[in-house]
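Q: Input: one structure, supplied below.
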Amino acid sequence: MEFDSQLGKIMLEAGILAGIYQWHEEAERIFKGLFEMKVGSEEPVIGYALTKIMANKSSEAVQILRDEALRFYPDSEMLKAFLALALKLAGNTYESEQTAQSVTATGKNQTAVRLASAVLKEEL
């Protein structure tokens, strides 16, 4: 099934709005559906993980990012930076720091590097 990229963007925005308004279940369904459809980027799974973080379920966000998303996008610096954030919030400081340091040391995506740096500096 081919997915219209414009519709994908609209669905991403709908998921973000659902998360902002604390409609966690709805946001999760939107992001999970987009991720399962493989709409072509890591954005849906980042949104899916963020819904878990916003619902105080950081350990579930870690599992989603590490066990699912990085399997499909193993080189994604953004996924690794968000994994560092989720690990920190889940209380796994050592692994969080190791993950964030790997992004800051070799990262080319400046947004990912800034997020990883913020995790290291605890500027969250």
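Identifiers in the structure tokens: chain A, B, ... in order shown; residue index from 1 per chain; ligand index from 1 in order shown.
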Tell me which protein, DNA and RNA residues are within 10 Å of Lys121 of chain A, counting only C-alpha atoms, leaving out same-chain ones fewer than 5 positions away, and put them as a count of residues only.
A: 3
Q: Compile a residue-level contact table for segment 60-124 of chain A against segment 31-45 of chain A at a cut-off of 12 Å, reporting for every qualifying residue the shortest atom pair and its distance in Å to one decimal, with only C-alpha atoms counted, rows ordered by chain and ascending number, as a Markdown table.
A:
```
| residue | atom | partner | partner_atom | distance |
| --- | --- | --- | --- | --- |
| A:Ala61 | CA | A:Val45 | CA | 9.5 |
| A:Val62 | CA | A:Val45 | CA | 11.4 |
| A:Gln63 | CA | A:Val45 | CA | 11.4 |
| A:Ile64 | CA | A:Val45 | CA | 7.8 |
| A:Leu65 | CA | A:Val45 | CA | 7.4 |
| A:Arg66 | CA | A:Val45 | CA | 10.9 |
| A:Asp67 | CA | A:Val45 | CA | 11.5 |
| A:Glu68 | CA | A:Val45 | CA | 8.8 |
| A:Ala69 | CA | A:Val45 | CA | 6.5 |
| A:Leu70 | CA | A:Glu42 | CA | 9.1 |
| A:Arg71 | CA | A:Glu42 | CA | 11.1 |
| A:Phe72 | CA | A:Glu42 | CA | 8.6 |
| A:Tyr73 | CA | A:Glu42 | CA | 7.1 |
| A:Pro74 | CA | A:Glu42 | CA | 10.4 |
| A:Asp75 | CA | A:Glu42 | CA | 10.7 |
| A:Ser76 | CA | A:Glu42 | CA | 7.8 |
| A:Glu77 | CA | A:Glu42 | CA | 10.2 |
| A:Met78 | CA | A:Glu42 | CA | 8.2 |
| A:Leu79 | CA | A:Glu42 | CA | 7.3 |
| A:Lys80 | CA | A:Glu42 | CA | 11.0 |
| A:Phe82 | CA | A:Val45 | CA | 10.3 |
| A:Leu83 | CA | A:Val45 | CA | 11.2 |
```
Q: Give me, as a list in words, all polymer residues having an atom no more than 10 Å from Leu50 of chain A, counting only C-alpha atoms and skipping those fewer than 2 positions away in the same chain.
A: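 Selected residues are Ile16, Gly19, His24, Ala27, Glu28, Phe31, Pro44, Val45, Ile46, Gly47, Tyr48, Lys52, Ile53, Met54, Ala55, Asn56, Lys57, Ser58, Ala61, Phe82, Leu85 and Ala86 of chain A.
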